[in-house]
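Text of entry_5.pdb, listed as PDB, C-alpha atoms:
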```
ATOM      1  CA  ASP R1358       5.625 -16.016 -11.575
ATOM      2  CA  ILE R1359       9.340 -15.625 -12.254
ATOM      3  CA  GLN R1360      10.870 -18.791 -13.687
ATOM      4  CA  MET R1361      14.446 -19.631 -12.741
ATOM      5  CA  THR R1362      16.476 -21.850 -15.057
ATOM      6  CA  GLN R1363      19.820 -23.304 -14.028
ATOM      7  CA  SER R1364      22.462 -24.883 -16.203
ATOM      8  CA  PRO R1365      23.841 -27.392 -16.266
ATOM      9  CA  SER R1366      21.443 -29.732 -14.442
ATOM     10  CA  SER R1367      24.420 -31.802 -13.383
ATOM     11  CA  VAL R1368      28.167 -31.552 -13.648
ATOM     12  CA  SER R1369      31.040 -33.895 -12.850
ATOM     13  CA  ALA R1370      34.266 -32.364 -11.604
ATOM     14  CA  SER R1371      37.394 -33.190  -9.657
ATOM     15  CA  VAL R1372      38.828 -31.801  -6.449
ATOM     16  CA  GLY R1373      40.698 -28.624  -7.314
ATOM     17  CA  ASP R1374      38.624 -27.835 -10.414
ATOM     18  CA  ARG R1375      36.939 -24.504 -11.041
ATOM     19  CA  VAL R1376      33.189 -24.854 -11.572
ATOM     20  CA  THR R1377      30.640 -22.331 -12.789
ATOM     21  CA  ILE R1378      26.862 -22.710 -12.545
ATOM     22  CA  THR R1379      24.535 -20.325 -14.310
ATOM     23  CA  CYS R1380      21.023 -19.174 -13.467
ATOM     24  CA  ARG R1381      18.664 -17.237 -15.719
ATOM     25  CA  ALA R1382      15.503 -15.448 -14.600
ATOM     26  CA  SER R1383      12.480 -15.163 -16.884
ATOM     27  CA  GLN R1384      12.343 -11.437 -16.154
ATOM     28  CA  GLY R1385      14.674  -8.892 -14.620
ATOM     29  CA  ILE R1386      15.251  -9.250 -10.891
ATOM     30  CA  ALA R1387      18.016  -6.654 -10.438
ATOM     31  CA  GLY R1388      20.417  -8.259  -7.925
ATOM     32  CA  TRP R1389      17.802 -10.154  -5.927
ATOM     33  CA  LEU R1390      19.353 -13.567  -6.336
ATOM     34  CA  ASN R1391      20.525 -16.096  -3.753
ATOM     35  CA  TRP R1392      22.502 -19.332  -4.008
ATOM     36  CA  TYR R1393      22.077 -22.312  -1.678
ATOM     37  CA  GLN R1394      23.975 -25.562  -1.200
ATOM     38  CA  HIS R1395      21.972 -28.632  -0.217
ATOM     39  CA  LYS R1396      23.190 -32.053   0.827
ATOM     40  CA  PRO R1397      20.821 -35.030   1.252
ATOM     41  CA  GLY R1398      19.190 -35.142   4.665
ATOM     42  CA  LYS R1399      20.703 -31.827   5.715
ATOM     43  CA  ALA R1400      19.467 -28.269   6.026
ATOM     44  CA  PRO R1401      20.104 -26.115   2.961
ATOM     45  CA  ASN R1402      22.956 -23.651   3.409
ATOM     46  CA  LEU R1403      22.888 -20.047   2.166
ATOM     47  CA  LEU R1404      26.097 -19.333   0.248
ATOM     48  CA  ILE R1405      25.514 -16.064  -1.600
ATOM     49  CA  TYR R1406      22.807 -13.425  -1.169
ATOM     50  CA  ALA R1407      22.029 -10.362  -3.254
ATOM     51  CA  ALA R1408      23.842 -11.937  -6.207
ATOM     52  CA  SER R1409      27.378 -11.391  -4.939
ATOM     53  CA  SER R1410      27.469 -11.053  -1.147
ATOM     54  CA  LEU R1411      29.187 -13.942   0.623
ATOM     55  CA  GLN R1412      27.190 -15.215   3.594
ATOM     56  CA  SER R1413      29.088 -15.179   6.876
ATOM     57  CA  GLY R1414      31.088 -18.350   7.436
ATOM     58  CA  VAL R1415      31.062 -19.432   3.788
ATOM     59  CA  PRO R1416      34.526 -20.099   2.314
ATOM     60  CA  SER R1417      35.881 -17.475  -0.070
ATOM     61  CA  ARG R1418      36.220 -20.019  -2.884
ATOM     62  CA  PHE R1419      32.505 -19.405  -3.470
ATOM     63  CA  SER R1420      31.580 -16.288  -5.406
ATOM     64  CA  GLY R1421      28.548 -14.950  -7.219
ATOM     65  CA  SER R1422      27.975 -12.403  -9.936
ATOM     66  CA  GLY R1423      25.339 -11.039 -12.260
ATOM     67  CA  SER R1424      22.337  -8.765 -12.368
ATOM     68  CA  GLY R1425      19.100  -8.447 -14.270
ATOM     69  CA  THR R1426      18.413 -11.896 -15.685
ATOM     70  CA  ASP R1427      21.773 -13.685 -15.788
ATOM     71  CA  PHE R1428      23.754 -14.869 -12.784
ATOM     72  CA  THR R1429      26.643 -17.184 -12.020
ATOM     73  CA  LEU R1430      27.966 -19.100  -9.040
ATOM     74  CA  THR R1431      31.657 -19.979  -9.187
ATOM     75  CA  ILE R1432      33.586 -22.357  -6.987
ATOM     76  CA  SER R1433      37.229 -21.517  -7.562
ATOM     77  CA  SER R1434      38.836 -24.753  -6.335
ATOM     78  CA  LEU R1435      36.527 -27.638  -5.504
ATOM     79  CA  GLN R1436      36.908 -29.302  -2.138
ATOM     80  CA  PRO R1437      35.523 -32.739  -1.205
ATOM     81  CA  GLU R1438      32.798 -31.172   0.942
ATOM     82  CA  ASP R1439      31.474 -29.122  -2.000
ATOM     83  CA  PHE R1440      29.843 -32.060  -3.753
ATOM     84  CA  ALA R1441      26.161 -31.301  -3.340
ATOM     85  CA  THR R1442      23.183 -29.812  -5.161
ATOM     86  CA  TYR R1443      23.121 -26.056  -5.731
ATOM     87  CA  TYR R1444      20.007 -23.933  -6.148
ATOM     88  CA  CYS R1445      19.483 -20.359  -7.208
ATOM     89  CA  GLN R1446      16.474 -18.496  -5.814
ATOM     90  CA  GLN R1447      14.968 -15.173  -6.807
ATOM     91  CA  ALA R1448      14.218 -12.781  -3.946
ATOM     92  CA  ASN R1449      12.624 -10.083  -6.094
ATOM     93  CA  SER R1450       8.948 -10.848  -5.628
ATOM     94  CA  PHE R1451       6.338 -13.329  -4.449
ATOM     95  CA  PRO R1452       6.044 -16.156  -5.075
ATOM     96  CA  ILE R1453       9.647 -16.947  -4.257
ATOM     97  CA  THR R1454      10.963 -19.373  -6.874
ATOM     98  CA  PHE R1455      13.994 -21.645  -7.102
ATOM     99  CA  GLY R1456      15.923 -23.017 -10.012
ATOM    100  CA  GLN R1457      15.627 -26.749 -10.609
ATOM    101  CA  GLY R1458      19.022 -27.390  -9.050
ATOM    102  CA  THR R1459      22.494 -28.342 -10.277
ATOM    103  CA  ARG R1460      23.932 -31.580  -8.972
ATOM    104  CA  LEU R1461      27.703 -31.387  -8.561
ATOM    105  CA  GLU R1462      29.232 -34.860  -8.630
ATOM    106  CA  ILE R1463      32.706 -36.230  -8.184
ATOM    107  CA  LYS R1464      34.432 -37.206 -11.426
TER     108      LYS R1464
ATOM    109  CA  GLN L1289      23.768 -20.733  17.730
ATOM    110  CA  VAL L1290      20.631 -20.617  15.637
ATOM    111  CA  GLN L1291      18.607 -23.815  15.721
ATOM    112  CA  LEU L1292      15.396 -24.660  13.915
ATOM    113  CA  VAL L1293      13.802 -28.017  14.669
ATOM    114  CA  GLU L1294      10.729 -29.208  12.811
ATOM    115  CA  SER L1295       8.287 -31.776  14.151
ATOM    116  CA  GLY L1296       4.834 -33.163  13.457
ATOM    117  CA  GLY L1297       5.412 -34.973  10.184
ATOM    118  CA  GLY L1298       4.066 -38.426   9.444
ATOM    119  CA  VAL L1299       1.982 -40.566   7.143
ATOM    120  CA  VAL L1300      -1.566 -39.374   6.525
ATOM    121  CA  GLN L1301      -4.364 -40.183   4.118
ATOM    122  CA  PRO L1302      -5.439 -37.856   1.311
ATOM    123  CA  GLY L1303      -7.992 -35.295   2.409
ATOM    124  CA  THR L1304      -6.841 -35.226   6.016
ATOM    125  CA  SER L1305      -4.966 -32.608   8.031
ATOM    126  CA  LEU L1306      -1.619 -32.280   9.761
ATOM    127  CA  ARG L1307       0.137 -29.522  11.696
ATOM    128  CA  LEU L1308       3.875 -29.015  11.586
ATOM    129  CA  SER L1309       5.797 -27.110  14.236
ATOM    130  CA  CYS L1310       9.198 -25.467  14.115
ATOM    131  CA  ALA L1311      10.936 -24.699  17.405
ATOM    132  CA  ALA L1312      13.394 -21.825  17.119
ATOM    133  CA  SER L1313      16.304 -20.939  19.390
ATOM    134  CA  GLY L1314      19.525 -18.956  19.336
ATOM    135  CA  PHE L1315      18.017 -15.731  17.993
ATOM    136  CA  THR L1316      15.226 -13.283  18.804
ATOM    137  CA  PHE L1317      12.429 -15.147  17.039
ATOM    138  CA  SER L1318       9.944 -12.269  17.273
ATOM    139  CA  ASN L1319      12.198 -10.056  15.120
ATOM    140  CA  TYR L1320      12.302 -12.227  12.001
ATOM    141  CA  ALA L1321       9.972 -13.365   9.262
ATOM    142  CA  MET L1322       9.848 -17.129   8.792
ATOM    143  CA  HIS L1323       9.390 -19.382   5.766
ATOM    144  CA  TRP L1324       8.301 -22.924   5.000
ATOM    145  CA  VAL L1325      10.010 -24.557   2.025
ATOM    146  CA  ARG L1326       9.433 -28.133   0.882
ATOM    147  CA  GLN L1327      11.201 -30.745  -1.203
ATOM    148  CA  ALA L1328       9.237 -33.571  -2.767
ATOM    149  CA  PRO L1329      11.064 -36.881  -3.268
ATOM    150  CA  GLY L1330      13.525 -36.575  -6.132
ATOM    151  CA  LYS L1331      12.553 -32.962  -6.777
ATOM    152  CA  GLY L1332      13.977 -29.526  -6.048
ATOM    153  CA  LEU L1333      13.158 -26.930  -3.434
ATOM    154  CA  GLU L1334       9.705 -25.318  -3.530
ATOM    155  CA  TRP L1335       8.811 -22.281  -1.448
ATOM    156  CA  VAL L1336       5.504 -22.703   0.383
ATOM    157  CA  THR L1337       4.757 -19.677   2.561
ATOM    158  CA  ILE L1338       6.102 -16.797   4.633
ATOM    159  CA  ILE L1339       4.891 -14.979   7.736
ATOM    160  CA  SER L1340       6.088 -11.572   8.891
ATOM    161  CA  TYR L1341       7.902 -11.138  12.191
ATOM    162  CA  ASP L1342       4.710 -10.050  13.954
ATOM    163  CA  GLY L1343       2.338 -12.400  12.136
ATOM    164  CA  SER L1344       0.457  -9.591  10.416
ATOM    165  CA  ASN L1345       1.392 -10.490   6.848
ATOM    166  CA  LYS L1346       1.465 -13.826   5.066
ATOM    167  CA  PHE L1347       1.969 -15.009   1.501
ATOM    168  CA  TYR L1348       1.417 -18.451   0.007
ATOM    169  CA  ALA L1349       2.359 -20.397  -3.079
ATOM    170  CA  ASP L1350      -0.626 -20.982  -5.355
ATOM    171  CA  SER L1351      -0.213 -24.736  -4.884
ATOM    172  CA  VAL L1352      -1.200 -24.480  -1.186
ATOM    173  CA  LYS L1353      -3.323 -21.326  -1.045
ATOM    174  CA  GLY L1354      -6.617 -21.968   0.710
ATOM    175  CA  ARG L1355      -5.419 -25.292   2.159
ATOM    176  CA  PHE L1356      -2.352 -24.387   4.241
ATOM    177  CA  THR L1357      -2.114 -21.757   6.990
ATOM    178  CA  ILE L1358       1.091 -20.407   8.483
ATOM    179  CA  SER L1359       1.094 -18.980  11.992
ATOM    180  CA  ARG L1360       3.486 -18.233  14.817
ATOM    181  CA  ASP L1361       3.541 -17.917  18.591
ATOM    182  CA  ASN L1362       6.277 -15.470  19.481
ATOM    183  CA  SER L1363       5.834 -16.190  23.185
ATOM    184  CA  LYS L1364       6.778 -19.819  22.496
ATOM    185  CA  ASN L1365       9.379 -19.182  19.761
ATOM    186  CA  THR L1366       7.443 -21.531  17.544
ATOM    187  CA  LEU L1367       6.311 -21.479  13.927
ATOM    188  CA  TYR L1368       3.436 -23.593  12.639
ATOM    189  CA  LEU L1369       2.084 -24.889   9.366
ATOM    190  CA  GLN L1370      -1.495 -26.149   9.386
ATOM    191  CA  MET L1371      -2.030 -28.347   6.349
ATOM    192  CA  ASN L1372      -5.604 -29.245   5.397
ATOM    193  CA  SER L1373      -7.073 -31.201   2.483
ATOM    194  CA  LEU L1374      -3.739 -32.913   1.929
ATOM    195  CA  ARG L1375      -2.957 -34.391  -1.475
ATOM    196  CA  GLY L1376      -0.387 -36.864  -2.729
ATOM    197  CA  GLU L1377       1.567 -34.037  -4.305
ATOM    198  CA  ASP L1378       2.054 -32.512  -0.851
ATOM    199  CA  THR L1379       4.344 -35.428   0.046
ATOM    200  CA  ALA L1380       7.670 -33.785   0.861
ATOM    201  CA  VAL L1381      10.228 -32.879   3.468
ATOM    202  CA  TYR L1382       9.129 -29.563   4.954
ATOM    203  CA  HIS L1383      11.844 -27.152   6.110
ATOM    204  CA  CYS L1384      11.303 -24.060   8.191
ATOM    205  CA  ALA L1385      13.723 -21.217   7.535
ATOM    206  CA  LYS L1386      14.565 -17.836   9.035
ATOM    207  CA  ASP L1387      14.558 -14.703   6.891
ATOM    208  CA  ILE L1388      17.760 -12.639   6.836
ATOM    209  CA  GLU L1389      16.170  -9.256   7.492
ATOM    210  CA  ARG L1390      15.321  -8.021  10.972
ATOM    211  CA  ARG L1391      11.786  -6.623  11.348
ATOM    212  CA  GLY L1392      11.063  -6.866   7.656
ATOM    213  CA  TRP L1393      11.663  -9.465   4.993
ATOM    214  CA  SER L1394      14.187  -9.953   2.258
ATOM    215  CA  LEU L1395      12.817 -13.184   0.797
ATOM    216  CA  SER L1396      16.170 -14.747   1.651
ATOM    217  CA  ALA L1397      16.674 -17.485   4.248
ATOM    218  CA  ASP L1398      19.923 -17.686   6.206
ATOM    219  CA  TYR L1399      19.146 -20.571   8.565
ATOM    220  CA  TRP L1400      17.123 -23.698   7.864
ATOM    221  CA  GLY L1401      15.970 -26.722   9.782
ATOM    222  CA  GLN L1402      16.688 -30.251   8.617
ATOM    223  CA  GLY L1403      13.061 -30.835   7.833
ATOM    224  CA  SER L1404      10.083 -33.028   8.695
ATOM    225  CA  LEU L1405       8.778 -35.636   6.287
ATOM    226  CA  VAL L1406       5.108 -35.597   5.379
ATOM    227  CA  THR L1407       3.785 -38.539   3.389
ATOM    228  CA  VAL L1408       0.267 -38.392   1.977
ATOM    229  CA  SER L1409      -0.844 -41.829   0.894
ATOM    230  CA  SER L1410      -3.856 -44.093   1.093
TER     231      SER L1410
END
```
Give the structure from this file in structure tokens form.
Amino acid sequence: DIQMTQSPSSVSASVGDRVTITCRASQGIAGWLNWYQHKPGKAPNLLIYAASSLQSGVPSRFSGSGSGTDFTLTISSLQPEDFATYYCQQANSFPITFGQGTRLEIK
Amino acid sequence: QVQLVESGGGVVQPGTSLRLSCAASGFTFSNYAMHWVRQAPGKGLEWVTIISYDGSNKFYADSVKGRFTISRDNSKNTLYLQMNSLRGEDTAVYHCAKDIERRGWSLSADYWGQGSLVTVSS
């Protein structure tokens, strides 16, 4: 199985800050990497697919990059609604695996 | 708009069975693979299983293989998860999710339901 490791596990930031979350795969997955936002009690929301493609309806302050084993999610200017948990997920092979999550909290 | 609504969760004893349903609307259900993903209390997301758009192919996580069965009824726009031999570690919110790719699968989910809570406890 491909292991996905996110860092940091949690981060505190303020509205307007730029935040970067990283995700590392235990083996190469080309660009088969997705990012999701999840708020408690809500449905997860796909932000980025194929490492860098912005899902329809997602604000442009979200961006993704990377290939192979190392990937990043960047939020260019945090908004109040962005405080949530973020997960990376590899879409290269079964079983599908997620990172452990990064909790983004208000400073 | 796309809607996915799970139902069938509840409190059950270890070793028993439960069937979850996911009612889909707002898209052509029969054209898309579907996933189940779960989240145990205080834990992250864990992929459980996928079924192809026509039901001919299925994959499972090792943690549920041989105990859980995914199925679909395209005439009813409904996805199912039959869970047998339930264990405490199966306690979680179960989300159904739609795959991005039409008539294939990309292992990426663009729409999710809010989930149904399954609690396995004696």
* **Minimum-distance residue to L:Ser1396, chosen among R:Leu1404, R:Ala1441, R:Leu1430, R:Leu1435 (using all atoms listed in the file)** => R:Leu1404
* Where does the PyMOL selection byres ((chain R) within 10 of (chain L)) land in this file, that is, which residues does it pick, as number ranges by chain? -> R: 1389-1393, 1395, 1397-1407, 1412-1413, 1442-1459
* To do: Run the PyMOL selection byres ((chain L and resi 1303-1305) around 12) mentally over the shown coordinates, then write out the matched residues as a ChimeraX atom specification, using the chain letters and numbers from the document.
  => /L:1296-1302,1306-1308,1355-1357,1369-1378,1406-1410
Selected residues written out with C-alpha atoms, as a short mmCIF file (atom, residue, chain, number, x, y, z; two decimals), in the frame of the given file:
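Okay, this is what ended up in selection_31.cif:
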```cif
data_model
loop_
_atom_site.label_atom_id
_atom_site.label_comp_id
_atom_site.auth_asym_id
_atom_site.auth_seq_id
_atom_site.Cartn_x
_atom_site.Cartn_y
_atom_site.Cartn_z
CA GLY L 1296 4.83 -33.16 13.46
CA GLY L 1297 5.41 -34.97 10.18
CA GLY L 1298 4.07 -38.43 9.44
CA VAL L 1299 1.98 -40.57 7.14
CA VAL L 1300 -1.57 -39.37 6.52
CA GLN L 1301 -4.36 -40.18 4.12
CA PRO L 1302 -5.44 -37.86 1.31
CA LEU L 1306 -1.62 -32.28 9.76
CA ARG L 1307 0.14 -29.52 11.70
CA LEU L 1308 3.88 -29.02 11.59
CA ARG L 1355 -5.42 -25.29 2.16
CA PHE L 1356 -2.35 -24.39 4.24
CA THR L 1357 -2.11 -21.76 6.99
CA LEU L 1369 2.08 -24.89 9.37
CA GLN L 1370 -1.50 -26.15 9.39
CA MET L 1371 -2.03 -28.35 6.35
CA ASN L 1372 -5.60 -29.24 5.40
CA SER L 1373 -7.07 -31.20 2.48
CA LEU L 1374 -3.74 -32.91 1.93
CA ARG L 1375 -2.96 -34.39 -1.48
CA GLY L 1376 -0.39 -36.86 -2.73
CA GLU L 1377 1.57 -34.04 -4.30
CA ASP L 1378 2.05 -32.51 -0.85
CA VAL L 1406 5.11 -35.60 5.38
CA THR L 1407 3.78 -38.54 3.39
CA VAL L 1408 0.27 -38.39 1.98
CA SER L 1409 -0.84 -41.83 0.89
CA SER L 1410 -3.86 -44.09 1.09
#
```
Evaluate the PyMOL selection byres ((chain L and resi 1390) around 10) on the structure here and hand back the selected residues as a PDB file with C-alpha atoms, in the frame of the given file.
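The resulting out.pdb:
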```pdb
ATOM      1  CA  THR L1316      15.226 -13.283  18.804  1.00  0.00           C
ATOM      2  CA  PHE L1317      12.429 -15.147  17.039  1.00  0.00           C
ATOM      3  CA  SER L1318       9.944 -12.269  17.273  1.00  0.00           C
ATOM      4  CA  ASN L1319      12.198 -10.056  15.120  1.00  0.00           C
ATOM      5  CA  TYR L1320      12.302 -12.227  12.001  1.00  0.00           C
ATOM      6  CA  ALA L1321       9.972 -13.365   9.262  1.00  0.00           C
ATOM      7  CA  TYR L1341       7.902 -11.138  12.191  1.00  0.00           C
ATOM      8  CA  ASP L1387      14.558 -14.703   6.891  1.00  0.00           C
ATOM      9  CA  ILE L1388      17.760 -12.639   6.836  1.00  0.00           C
ATOM     10  CA  GLU L1389      16.170  -9.256   7.492  1.00  0.00           C
ATOM     11  CA  ARG L1391      11.786  -6.623  11.348  1.00  0.00           C
ATOM     12  CA  GLY L1392      11.063  -6.866   7.656  1.00  0.00           C
ATOM     13  CA  TRP L1393      11.663  -9.465   4.993  1.00  0.00           C
ATOM     14  CA  SER L1394      14.187  -9.953   2.258  1.00  0.00           C
TER      15      SER L1394
END
```
* To do: Would you mind reading off the distance between atom CA of L:Pro1329 and atom CA of L:Ala1380, one decimal, in Å?
  =>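 Taking atom CA of L:Pro1329 as the start and atom CA of L:Ala1380 as the end point, the length is 6.2 Å.
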* Pick from R:Gln1394, R:Ser1410, R:Ser1434, R:Ser1417: nearest to R:Gly1373, with only C-alpha atoms counted? ->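 Residue with the minimum atom-to-atom distance to R:Gly1373: R:Ser1434.
If you look at atom CA of L:Leu1405 and atom CA of R:Gln1363, they are 26.2 Å away from each other.
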* Could you tell me which of R:Ser1409, R:Glu1462, R:Ile1378, R:Phe1428 comes closest to R:Pro1365 if we count all atoms listed in the file? =>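 Using all atoms listed in the file, R:Pro1365 sits closest to R:Ile1378.
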* Quote the spacing between atom CA of R:Val1372 and atom CA of R:Phe1440 in Å to one decimal place. =>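 A separation of 9.4 Å between them.
For L:Gly1343, the non-local neighbours within 9 Å, defined as residues at least 3 positions apart in the same chain or in other chains and counting only C-alpha atoms, are Ala1321, Ile1339, Ser1340, Lys1346, Ile1358, Ser1359, Arg1360, Asp1361 and Asn1362 of chain L.
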* To do: Tell me which of R:Asp1374, R:Glu1438, R:Asp1427, R:Asp1358 sits closest to R:Lys1464, counting only C-alpha atoms.
  => R:Asp1374
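Proximity to L:Asn1345 was assessed for L:Glu1294, L:Lys1386, L:Met1322, L:Gly1314 counting only C-alpha atoms; the smallest distance is recorded for L:Met1322.
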Every residue with an atom at most 6 Å from (24.5, -29.5, -11.5) (file coordinates; all atoms listed in the file) is what I'm after, so could you write them as a PDB file with C-alpha atoms, keeping the file's coordinate frame?
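Written output follows (out.pdb):
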```
ATOM      1  CA  PRO R1365      23.841 -27.392 -16.266  1.00  0.00           C
ATOM      2  CA  SER R1366      21.443 -29.732 -14.442  1.00  0.00           C
ATOM      3  CA  SER R1367      24.420 -31.802 -13.383  1.00  0.00           C
ATOM      4  CA  VAL R1368      28.167 -31.552 -13.648  1.00  0.00           C
ATOM      5  CA  THR R1459      22.494 -28.342 -10.277  1.00  0.00           C
ATOM      6  CA  ARG R1460      23.932 -31.580  -8.972  1.00  0.00           C
ATOM      7  CA  LEU R1461      27.703 -31.387  -8.561  1.00  0.00           C
TER       8      LEU R1461
END
```
* Asked: Of the candidates R:Val1376, R:Met1361, R:Ala1370, R:Ala1387, which one gets nearest to R:Thr1431 if we count only C-alpha atoms?
  -> R:Val1376
If I only have part of stretch 1379-1392 of chain R, can you fill in N, CA, C and O atoms and write it as a PDB file, in the frame of the given file?
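File result.pdb, as written:
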```
ATOM      1  N   THR R1379      25.257 -21.517 -13.896  1.00  0.00           N
ATOM      2  CA  THR R1379      24.535 -20.325 -14.310  1.00  0.00           C
ATOM      3  C   THR R1379      23.056 -20.432 -13.973  1.00  0.00           C
ATOM      4  O   THR R1379      22.497 -21.530 -13.855  1.00  0.00           O
ATOM      5  N   CYS R1380      22.435 -19.273 -13.823  1.00  0.00           N
ATOM      6  CA  CYS R1380      21.023 -19.174 -13.467  1.00  0.00           C
ATOM      7  C   CYS R1380      20.430 -18.019 -14.259  1.00  0.00           C
ATOM      8  O   CYS R1380      20.997 -16.917 -14.272  1.00  0.00           O
ATOM      9  N   ARG R1381      19.324 -18.276 -14.921  1.00  0.00           N
ATOM     10  CA  ARG R1381      18.664 -17.237 -15.719  1.00  0.00           C
ATOM     11  C   ARG R1381      17.230 -17.043 -15.221  1.00  0.00           C
ATOM     12  O   ARG R1381      16.488 -18.013 -15.046  1.00  0.00           O
ATOM     13  N   ALA R1382      16.864 -15.791 -15.016  1.00  0.00           N
ATOM     14  CA  ALA R1382      15.503 -15.448 -14.600  1.00  0.00           C
ATOM     15  C   ALA R1382      14.656 -15.093 -15.823  1.00  0.00           C
ATOM     16  O   ALA R1382      15.156 -14.510 -16.781  1.00  0.00           O
ATOM     17  N   SER R1383      13.378 -15.416 -15.749  1.00  0.00           N
ATOM     18  CA  SER R1383      12.480 -15.163 -16.884  1.00  0.00           C
ATOM     19  C   SER R1383      12.149 -13.678 -17.057  1.00  0.00           C
ATOM     20  O   SER R1383      11.636 -13.273 -18.092  1.00  0.00           O
ATOM     21  N   GLN R1384      12.462 -12.886 -16.045  1.00  0.00           N
ATOM     22  CA  GLN R1384      12.343 -11.437 -16.154  1.00  0.00           C
ATOM     23  C   GLN R1384      13.369 -10.811 -15.219  1.00  0.00           C
ATOM     24  O   GLN R1384      13.924 -11.497 -14.358  1.00  0.00           O
ATOM     25  N   GLY R1385      13.640  -9.547 -15.398  1.00  0.00           N
ATOM     26  CA  GLY R1385      14.674  -8.892 -14.620  1.00  0.00           C
ATOM     27  C   GLY R1385      14.389  -8.879 -13.133  1.00  0.00           C
ATOM     28  O   GLY R1385      13.260  -8.583 -12.716  1.00  0.00           O
ATOM     29  N   ILE R1386      15.409  -9.223 -12.347  1.00  0.00           N
ATOM     30  CA  ILE R1386      15.251  -9.250 -10.891  1.00  0.00           C
ATOM     31  C   ILE R1386      16.340  -8.406 -10.205  1.00  0.00           C
ATOM     32  O   ILE R1386      16.641  -8.592  -9.028  1.00  0.00           O
ATOM     33  N   ALA R1387      16.926  -7.488 -10.967  1.00  0.00           N
ATOM     34  CA  ALA R1387      18.016  -6.654 -10.438  1.00  0.00           C
ATOM     35  C   ALA R1387      19.078  -7.600  -9.849  1.00  0.00           C
ATOM     36  O   ALA R1387      19.540  -8.502 -10.515  1.00  0.00           O
ATOM     37  N   GLY R1388      19.441  -7.390  -8.576  1.00  0.00           N
ATOM     38  CA  GLY R1388      20.417  -8.259  -7.925  1.00  0.00           C
ATOM     39  C   GLY R1388      19.808  -9.163  -6.880  1.00  0.00           C
ATOM     40  O   GLY R1388      20.520  -9.693  -6.027  1.00  0.00           O
ATOM     41  N   TRP R1389      18.501  -9.382  -6.954  1.00  0.00           N
ATOM     42  CA  TRP R1389      17.802 -10.154  -5.927  1.00  0.00           C
ATOM     43  C   TRP R1389      17.886 -11.651  -6.194  1.00  0.00           C
ATOM     44  O   TRP R1389      16.900 -12.310  -6.547  1.00  0.00           O
ATOM     45  N   LEU R1390      19.082 -12.177  -5.999  1.00  0.00           N
ATOM     46  CA  LEU R1390      19.353 -13.567  -6.336  1.00  0.00           C
ATOM     47  C   LEU R1390      20.216 -14.192  -5.252  1.00  0.00           C
ATOM     48  O   LEU R1390      21.232 -13.607  -4.845  1.00  0.00           O
ATOM     49  N   ASN R1391      19.790 -15.354  -4.780  1.00  0.00           N
ATOM     50  CA  ASN R1391      20.525 -16.096  -3.753  1.00  0.00           C
ATOM     51  C   ASN R1391      20.959 -17.449  -4.287  1.00  0.00           C
ATOM     52  O   ASN R1391      20.338 -17.999  -5.202  1.00  0.00           O
ATOM     53  N   TRP R1392      22.026 -17.987  -3.696  1.00  0.00           N
ATOM     54  CA  TRP R1392      22.502 -19.332  -4.008  1.00  0.00           C
ATOM     55  C   TRP R1392      22.557 -20.154  -2.722  1.00  0.00           C
ATOM     56  O   TRP R1392      23.045 -19.683  -1.703  1.00  0.00           O
TER      57      TRP R1392
END
```
